[in-house]
>>> print(open('upload.cif').read())   # mmCIF, C-alpha atoms
data_run
loop_
_atom_site.group_PDB
_atom_site.id
_atom_site.type_symbol
_atom_site.label_atom_id
_atom_site.label_comp_id
_atom_site.auth_asym_id
_atom_site.auth_seq_id
_atom_site.Cartn_x
_atom_site.Cartn_y
_atom_site.Cartn_z
ATOM 1 C CA MET A 1435 0.000 0.000 0.000
ATOM 2 C CA ALA A 1436 1.387 3.408 -0.938
ATOM 3 C CA LEU A 1437 0.583 6.289 1.387
ATOM 4 C CA LYS A 1438 0.636 9.642 -0.390
ATOM 5 C CA HIS A 1439 -1.358 11.629 2.150
ATOM 6 C CA LYS A 1440 1.154 14.036 3.686
ATOM 7 C CA ASP A 1441 0.062 15.387 7.081
ATOM 8 C CA LEU A 1442 -2.429 12.530 7.391
ATOM 9 C CA PRO A 1443 -3.525 12.278 11.063
ATOM 10 C CA VAL A 1444 -1.991 9.152 12.594
ATOM 11 C CA SER A 1445 -2.878 7.862 16.069
ATOM 12 C CA VAL A 1446 -0.180 5.987 18.002
ATOM 13 C CA CYS A 1447 -0.652 3.995 21.197
ATOM 14 C CA PRO A 1448 2.356 2.999 23.351
ATOM 15 C CA LEU A 1449 2.188 -0.681 24.279
ATOM 16 C CA GLU A 1450 4.247 -0.302 27.458
ATOM 17 C CA ASP A 1451 2.944 1.092 30.800
ATOM 18 C CA ASN A 1452 -0.302 2.195 29.167
ATOM 19 C CA GLU A 1453 -3.175 0.203 30.674
ATOM 20 C CA GLU A 1454 -5.908 2.623 29.561
ATOM 21 C CA GLY A 1455 -4.675 2.660 25.976
ATOM 22 C CA LYS A 1456 -3.820 6.360 25.830
ATOM 23 C CA ARG A 1457 -3.268 7.555 22.261
ATOM 24 C CA ILE A 1458 -1.049 10.301 20.892
ATOM 25 C CA GLN A 1459 -1.846 12.507 17.900
ATOM 26 C CA THR A 1460 0.791 12.647 15.162
ATOM 27 C CA LEU A 1461 0.944 13.619 11.493
ATOM 28 C CA LEU A 1462 2.422 11.572 8.658
ATOM 29 C CA ARG A 1463 5.436 13.312 7.135
ATOM 30 C CA GLY A 1464 6.854 10.615 4.892
ATOM 31 C CA LEU A 1465 7.044 6.940 4.007
ATOM 32 C CA ASP A 1466 9.671 4.860 2.232
ATOM 33 C CA SER A 1467 10.598 1.216 1.939
ATOM 34 C CA GLN A 1468 12.027 1.068 5.473
ATOM 35 C CA TYR A 1469 10.540 3.836 7.614
ATOM 36 C CA ILE A 1470 7.395 5.762 8.480
ATOM 37 C CA ARG A 1471 8.135 9.365 9.449
ATOM 38 C CA LEU A 1472 5.793 11.214 11.796
ATOM 39 C CA TYR A 1473 5.554 14.639 13.418
ATOM 40 C CA ALA A 1474 4.527 14.523 17.081
ATOM 41 C CA PRO A 1475 5.128 17.861 18.852
ATOM 42 C CA GLY A 1476 5.418 17.564 22.631
ATOM 43 C CA ALA A 1477 5.221 13.751 22.682
ATOM 44 C CA ALA A 1478 8.309 13.159 24.816
ATOM 45 C CA GLU A 1479 7.158 9.605 25.631
ATOM 46 C CA LEU A 1480 7.837 8.485 22.045
ATOM 47 C CA ARG A 1481 11.381 7.286 22.680
ATOM 48 C CA LYS A 1482 13.661 5.052 20.656
ATOM 49 C CA GLY A 1483 12.824 1.359 21.049
ATOM 50 C CA LEU A 1484 9.221 1.922 22.236
ATOM 51 C CA GLU A 1485 6.707 -0.543 20.783
ATOM 52 C CA LEU A 1486 3.550 1.056 19.375
ATOM 53 C CA SER A 1487 0.252 0.236 17.770
ATOM 54 C CA VAL A 1488 -0.549 2.686 14.985
ATOM 55 C CA GLU A 1489 -3.892 3.562 13.394
ATOM 56 C CA PHE A 1490 -4.961 5.888 10.589
ATOM 57 C CA ARG A 1491 -7.916 6.252 8.248
ATOM 58 C CA VAL A 1492 -8.061 6.796 4.522
ATOM 59 C CA ASP A 1493 -11.495 7.286 2.965
ATOM 60 C CA ARG A 1494 -13.737 4.557 4.438
ATOM 61 C CA HIS A 1495 -10.940 2.261 5.583
ATOM 62 C CA GLU A 1496 -9.018 2.011 8.831
ATOM 63 C CA PHE A 1497 -5.417 0.798 8.775
ATOM 64 C CA SER A 1498 -3.530 -0.576 11.768
ATOM 65 C CA LEU A 1499 -0.043 -1.892 12.407
ATOM 66 C CA THR A 1500 2.392 -2.682 15.202
ATOM 67 C CA THR A 1501 5.931 -1.343 15.078
ATOM 68 C CA THR A 1502 8.845 0.134 17.052
ATOM 69 C CA VAL A 1503 10.262 3.671 17.257
ATOM 70 C CA ALA A 1504 13.543 3.776 15.327
ATOM 71 C CA ASN A 1505 14.384 7.340 16.356
ATOM 72 C CA ALA A 1506 12.788 10.398 18.001
ATOM 73 C CA THR A 1507 14.067 13.972 18.291
ATOM 74 C CA PRO A 1508 13.184 16.715 20.820
ATOM 75 C CA GLU A 1509 11.679 18.674 17.902
ATOM 76 C CA GLY A 1510 8.975 16.028 17.471
ATOM 77 C CA GLU A 1511 10.349 14.168 14.451
ATOM 78 C CA VAL A 1512 9.606 10.461 14.991
ATOM 79 C CA THR A 1513 10.768 7.625 12.762
ATOM 80 C CA LEU A 1514 9.087 4.203 12.917
ATOM 81 C CA TYR A 1515 10.203 0.964 11.364
ATOM 82 C CA LYS A 1516 7.871 0.042 8.519
ATOM 83 C CA PRO A 1517 6.307 -3.365 9.281
ATOM 84 C CA ALA A 1518 5.865 -6.149 6.761
ATOM 85 C CA VAL A 1519 2.112 -6.280 7.392
ATOM 86 C CA ILE A 1520 -0.454 -3.437 7.597
ATOM 87 C CA HIS A 1521 -3.999 -4.519 8.442
ATOM 88 C CA ARG A 1522 -7.008 -2.907 6.779
ATOM 89 C CA ARG A 1523 -10.723 -2.984 7.560
ATOM 90 C CA ARG A 1524 -13.659 -1.200 5.998
ATOM 91 C CA LEU A 1525 -15.458 1.183 8.333
ATOM 92 C CA ARG A 1526 -19.191 0.857 8.810
ATOM 93 C CA ASP A 1527 -21.517 3.524 10.112
ATOM 94 C CA ALA A 1528 -21.530 3.216 13.901
ATOM 95 C CA ARG A 1529 -24.718 3.380 15.921
ATOM 96 C CA ARG A 1530 -25.369 6.861 17.307
ATOM 97 C CA ARG A 1531 -27.100 8.090 20.425
ATOM 98 C CA PRO A 1532 -28.763 11.535 20.470
ATOM 99 C CA LEU A 1533 -26.967 13.730 22.987
ATOM 100 C CA GLN A 1534 -27.442 17.476 23.323
ATOM 101 C CA MET A 1535 -24.740 19.272 25.279
ATOM 102 C CA ARG A 1536 -22.436 22.241 25.014
ATOM 103 C CA ILE A 1537 -18.802 21.373 24.339
ATOM 104 C CA TYR A 1538 -15.619 23.427 24.024
ATOM 105 C CA PHE A 1539 -12.624 22.755 21.807
ATOM 106 C CA THR A 1540 -9.489 24.256 20.284
ATOM 107 C CA LEU A 1541 -7.768 23.808 16.935
ATOM 108 C CA TRP A 1542 -4.860 21.414 17.409
ATOM 109 C CA THR A 1543 -2.148 23.785 16.153
ATOM 110 C CA GLU A 1544 -3.702 27.121 17.159
ATOM 111 C CA THR A 1545 -4.738 29.025 20.254
ATOM 112 C CA GLY A 1546 -8.287 30.167 20.932
ATOM 113 C CA ARG A 1547 -11.272 28.374 22.413
ATOM 114 C CA HIS A 1548 -14.457 27.615 20.478
ATOM 115 C CA ASP A 1549 -17.764 26.061 21.437
ATOM 116 C CA GLY A 1550 -20.469 24.002 19.803
ATOM 117 C CA GLU A 1551 -23.702 22.159 20.533
ATOM 118 C CA MET A 1552 -23.345 18.393 20.229
ATOM 119 C CA GLN A 1553 -26.301 16.657 18.558
ATOM 120 C CA ASP A 1554 -25.411 12.966 18.758
ATOM 121 C CA ILE A 1555 -22.454 10.703 19.551
ATOM 122 C CA SER A 1556 -21.021 7.294 18.716
ATOM 123 C CA ALA A 1557 -17.862 5.450 19.734
ATOM 124 C CA ASP A 1558 -16.240 6.820 16.560
ATOM 125 C CA GLY A 1559 -17.218 10.487 16.776
ATOM 126 C CA PHE A 1560 -20.033 13.000 17.061
ATOM 127 C CA ARG A 1561 -22.081 15.606 15.216
ATOM 128 C CA MET A 1562 -22.238 19.208 16.385
ATOM 129 C CA ILE A 1563 -23.475 22.657 15.383
ATOM 130 C CA SER A 1564 -21.070 25.578 15.790
ATOM 131 C CA ARG A 1565 -20.579 29.180 14.729
ATOM 132 C CA LYS A 1566 -17.072 28.155 13.675
ATOM 133 C CA SER A 1567 -16.624 26.806 10.165
ATOM 134 C CA PHE A 1568 -13.875 24.227 9.599
ATOM 135 C CA ARG A 1569 -12.092 22.852 6.591
ATOM 136 C CA ARG A 1570 -12.320 19.125 6.095
ATOM 137 C CA GLY A 1571 -9.338 17.365 7.681
ATOM 138 C CA ALA A 1572 -8.778 19.971 10.414
ATOM 139 C CA LEU A 1573 -7.742 18.583 13.813
ATOM 140 C CA ILE A 1574 -9.359 19.808 17.025
ATOM 141 C CA SER A 1575 -8.517 19.098 20.665
ATOM 142 C CA LEU A 1576 -11.399 17.933 22.860
ATOM 143 C CA ASP A 1577 -12.116 17.651 26.570
ATOM 144 C CA PHE A 1578 -15.741 17.124 27.637
ATOM 145 C CA TYR A 1579 -17.676 15.186 30.248
ATOM 146 C CA ILE A 1580 -20.877 13.182 29.729
ATOM 147 C CA ARG A 1581 -22.298 13.596 33.209
ATOM 148 C CA SER A 1582 -25.082 11.004 32.989
ATOM 149 C CA ALA A 1583 -22.616 8.266 31.991
ATOM 150 C CA ARG A 1584 -19.598 9.574 33.933
ATOM 151 C CA ILE A 1585 -17.436 9.525 30.819
ATOM 152 C CA ARG A 1586 -14.709 12.108 30.258
ATOM 153 C CA VAL A 1587 -13.527 12.320 26.660
ATOM 154 C CA ILE A 1588 -10.042 13.762 26.197
ATOM 155 C CA GLY A 1589 -8.208 13.638 22.892
ATOM 156 C CA GLN A 1590 -8.273 14.888 19.336
ATOM 157 C CA GLY A 1591 -10.845 14.759 16.575
ATOM 158 C CA LEU A 1592 -10.752 15.119 12.810
ATOM 159 C CA VAL A 1593 -13.309 17.218 10.916
ATOM 160 C CA ALA A 1594 -14.808 14.677 8.505
ATOM 161 C CA TRP A 1595 -17.258 17.186 6.971
ATOM 162 C CA CYS A 1596 -18.664 20.646 7.655
ATOM 163 C CA ARG A 1597 -21.552 22.478 5.969
ATOM 164 C CA THR A 1598 -23.475 25.702 6.514
ATOM 165 C CA MET A 1599 -26.981 25.256 7.913
ATOM 166 C CA GLU A 1600 -29.695 25.877 5.334
ATOM 167 C CA ASP A 1601 -31.806 27.998 7.697
ATOM 168 C CA ASN A 1602 -28.956 29.968 9.319
ATOM 169 C CA GLU A 1603 -25.842 31.055 7.422
ATOM 170 C CA TYR A 1604 -24.029 31.822 10.693
ATOM 171 C CA LEU A 1605 -24.221 28.230 11.964
ATOM 172 C CA HIS A 1606 -22.330 25.199 10.672
ATOM 173 C CA GLU A 1607 -23.039 21.497 11.110
ATOM 174 C CA CYS A 1608 -19.912 19.374 11.462
ATOM 175 C CA GLY A 1609 -19.066 15.701 11.725
ATOM 176 C CA ILE A 1610 -16.118 14.996 14.030
ATOM 177 C CA GLN A 1611 -14.227 11.706 13.967
ATOM 178 C CA PHE A 1612 -12.288 10.711 17.088
ATOM 179 C CA THR A 1613 -8.602 10.095 16.417
ATOM 180 C CA THR A 1614 -6.908 9.750 19.808
ATOM 181 C CA ILE A 1615 -9.400 8.946 22.554
ATOM 182 C CA SER A 1616 -8.102 6.115 24.718
ATOM 183 C CA ASN A 1617 -9.137 2.499 24.206
ATOM 184 C CA GLU A 1618 -10.830 2.568 27.624
ATOM 185 C CA THR A 1619 -12.877 5.677 26.747
ATOM 186 C CA ARG A 1620 -13.951 4.135 23.437
ATOM 187 C CA LYS A 1621 -15.220 1.032 25.275
ATOM 188 C CA LYS A 1622 -17.223 3.210 27.664
ATOM 189 C CA LEU A 1623 -18.767 5.100 24.731
ATOM 190 C CA GLU A 1624 -19.692 1.823 23.032
ATOM 191 C CA ARG A 1625 -21.559 0.748 26.173
ATOM 192 C CA PHE A 1626 -23.208 4.166 26.541
ATOM 193 C CA VAL A 1627 -24.409 4.230 22.944
ATOM 194 C CA GLY A 1628 -25.491 0.600 23.011
ATOM 195 C CA ASP A 1629 -27.511 1.014 26.220
ATOM 196 C CA GLY A 1630 -29.549 3.985 25.039
ATOM 197 C CA PRO A 1631 -32.579 4.324 22.753
ATOM 198 C CA GLU A 1632 -31.559 5.562 19.328
ATOM 199 C CA ASN A 1633 -34.219 8.295 19.190
ATOM 200 C CA ALA A 1634 -34.246 9.566 22.764
ATOM 201 C CA GLU A 1635 -32.828 13.004 23.436
ATOM 202 C CA ILE A 1636 -30.592 13.187 26.503
ATOM 203 C CA PRO A 1637 -29.917 16.781 27.575
ATOM 204 C CA GLU A 1638 -26.606 17.451 29.284
ATOM 205 C CA THR A 1639 -25.239 20.358 31.251
ATOM 206 C CA GLU A 1640 -21.707 21.700 31.142
ATOM 207 C CA ALA A 1641 -18.993 19.841 32.997
#
>>> encode(input="upload.cif", output="structure tokens")
Amino acid sequence: MALKHKDLPVSVCPLEDNEEGKRIQTLLRGLDSQYIRLYAPGAAELRKGLELSVEFRVDRHEFSLTTTVANATPEGEVTLYKPAVIHRRRLRDARRRPLQMRIYFTLWTETGRHDGEMQDISADGFRMISRKSFRRGALISLDFYIRSARIRVIGQGLVAWCRTMEDNEYLHECGIQFTTISNETRKKLERFVGDGPENAEIPETEA
């Protein structure tokens, strides 16, 4: 498989001393016959010799692999050994649970706080309405709490799509795809979504 998507969001999960499955946001910078090159600013834990699981999405497919860090610099340049096998699976639409709550977020590489009104959620992402318009592929940092389920979601999300509302040109509806929530948080969201009625609205207050 040839990866030509520069700056493709890539999620990495250290396989040592990481019981909750914490994930780290990186960007693809290059790929050759031997190495995968990533950019991971501030990820000091990505040290040489660390074993990782790696995930990324292209179109409607999710790719995963296991590898080891070949080199890492203080500037955030990380080189991984390219494995012989990269697994691929086709993504299906996940079940969603209506959930109305105010959330706050920032762009991954910029300062400034924004807010939106979540409309529904799944284990893979959520839909929201915001006054902020985003380009497809933008990364945002998230930290919100679903009080009724006692689930705190911390990580990054990718803007899968964003469109202006037909009845209000100042509001934008966006689909956000989780990229780095922990494995433990994803399991909790799967239970939360699976336990609830698909058409019931569940109002939430701010954390």
>>> resolve_selection(input="upload.cif", expression="the PyMOL selection byres ((chain A and resi 1587) around 10)", output="mmCIF file with C-alpha atoms, keeping the file's coordinate frame")
data_model
loop_
_atom_site.group_PDB
_atom_site.id
_atom_site.type_symbol
_atom_site.label_atom_id
_atom_site.label_comp_id
_atom_site.auth_asym_id
_atom_site.auth_seq_id
_atom_site.Cartn_x
_atom_site.Cartn_y
_atom_site.Cartn_z
ATOM 1 C CA LEU A 1576 -11.399 17.933 22.860
ATOM 2 C CA ASP A 1577 -12.116 17.651 26.570
ATOM 3 C CA PHE A 1578 -15.741 17.124 27.637
ATOM 4 C CA TYR A 1579 -17.676 15.186 30.248
ATOM 5 C CA ILE A 1580 -20.877 13.182 29.729
ATOM 6 C CA ARG A 1584 -19.598 9.574 33.933
ATOM 7 C CA ILE A 1585 -17.436 9.525 30.819
ATOM 8 C CA ARG A 1586 -14.709 12.108 30.258
ATOM 9 C CA ILE A 1588 -10.042 13.762 26.197
ATOM 10 C CA GLY A 1589 -8.208 13.638 22.892
ATOM 11 C CA GLN A 1590 -8.273 14.888 19.336
ATOM 12 C CA PHE A 1612 -12.288 10.711 17.088
ATOM 13 C CA THR A 1614 -6.908 9.750 19.808
ATOM 14 C CA ILE A 1615 -9.400 8.946 22.554
ATOM 15 C CA SER A 1616 -8.102 6.115 24.718
ATOM 16 C CA THR A 1619 -12.877 5.677 26.747
ATOM 17 C CA ARG A 1620 -13.951 4.135 23.437
ATOM 18 C CA LYS A 1622 -17.223 3.210 27.664
ATOM 19 C CA LEU A 1623 -18.767 5.100 24.731
#
>>> residues_near_point(input="upload.cif", point="(-6.7, 20.0, 18.9)", cutoff="7 Å", atoms="all atoms listed in the file", output="number ranges by chain")
A: 1540-1543, 1573-1576, 1590
>>> closest_residue(input="upload.cif", among="A:Ile1470, A:Val1627, A:Cys1608, A:Ala1477", to="Leu1499 in chain A", atoms="all atoms listed in the file")
A:Ile1470
>>> resolve_selection(input="upload.cif", expression="the PyMOL selection byres ((chain A and resi 1598-1600) around 10)", output="short mmCIF file (atom, residue, chain, number, x, y, z; two decimals) with C-alpha atoms, keeping the file's coordinate frame")
data_model
loop_
_atom_site.label_atom_id
_atom_site.label_comp_id
_atom_site.auth_asym_id
_atom_site.auth_seq_id
_atom_site.Cartn_x
_atom_site.Cartn_y
_atom_site.Cartn_z
CA ILE A 1563 -23.48 22.66 15.38
CA SER A 1564 -21.07 25.58 15.79
CA ARG A 1565 -20.58 29.18 14.73
CA LYS A 1566 -17.07 28.16 13.68
CA SER A 1567 -16.62 26.81 10.16
CA CYS A 1596 -18.66 20.65 7.66
CA ARG A 1597 -21.55 22.48 5.97
CA ASP A 1601 -31.81 28.00 7.70
CA ASN A 1602 -28.96 29.97 9.32
CA GLU A 1603 -25.84 31.06 7.42
CA TYR A 1604 -24.03 31.82 10.69
CA LEU A 1605 -24.22 28.23 11.96
CA HIS A 1606 -22.33 25.20 10.67
CA GLU A 1607 -23.04 21.50 11.11
CA CYS A 1608 -19.91 19.37 11.46
#
>>> resolve_selection(input="upload.cif", expression="the PyMOL selection byres ((chain A and resi 1557) around 7)", output="ChimeraX atom specification")
/A:1555-1556,1558-1559,1620,1623-1624
>>> axis_aligned_box(input="upload.cif", around="range 1596-1613 of chain A", padding_each_side="3 Å", output="AutoDock Vina command-line options")
--center_x -20.2 --center_y 21.0 --center_z 11.2 --size_x 29.2 --size_y 27.7 --size_z 17.8
>>> closest_residue(input="upload.cif", among="A:Ser1487, A:Gly1571, A:Asp1493, A:Asp1549", to="Ile1520 in chain A", atoms="all atoms listed in the file")
A:Ser1487
>>> closest_residue(input="upload.cif", among="A:Phe1497, A:Trp1595, A:Tyr1515, A:Phe1626", to="Ser1467 in chain A", atoms="all atoms listed in the file")
A:Tyr1515
>>> atom_distance(input="upload.cif", atom1="CA of Leu1592 in chain A", atom2="CA of Gln1611 in chain A")
5.0 Å
>>> closest_residue(input="upload.cif", among="A:Thr1545, A:Ala1506, A:Ala1572, A:Ala1528", to="Asp1441 in chain A", atoms="only C-alpha atoms")
A:Ala1572
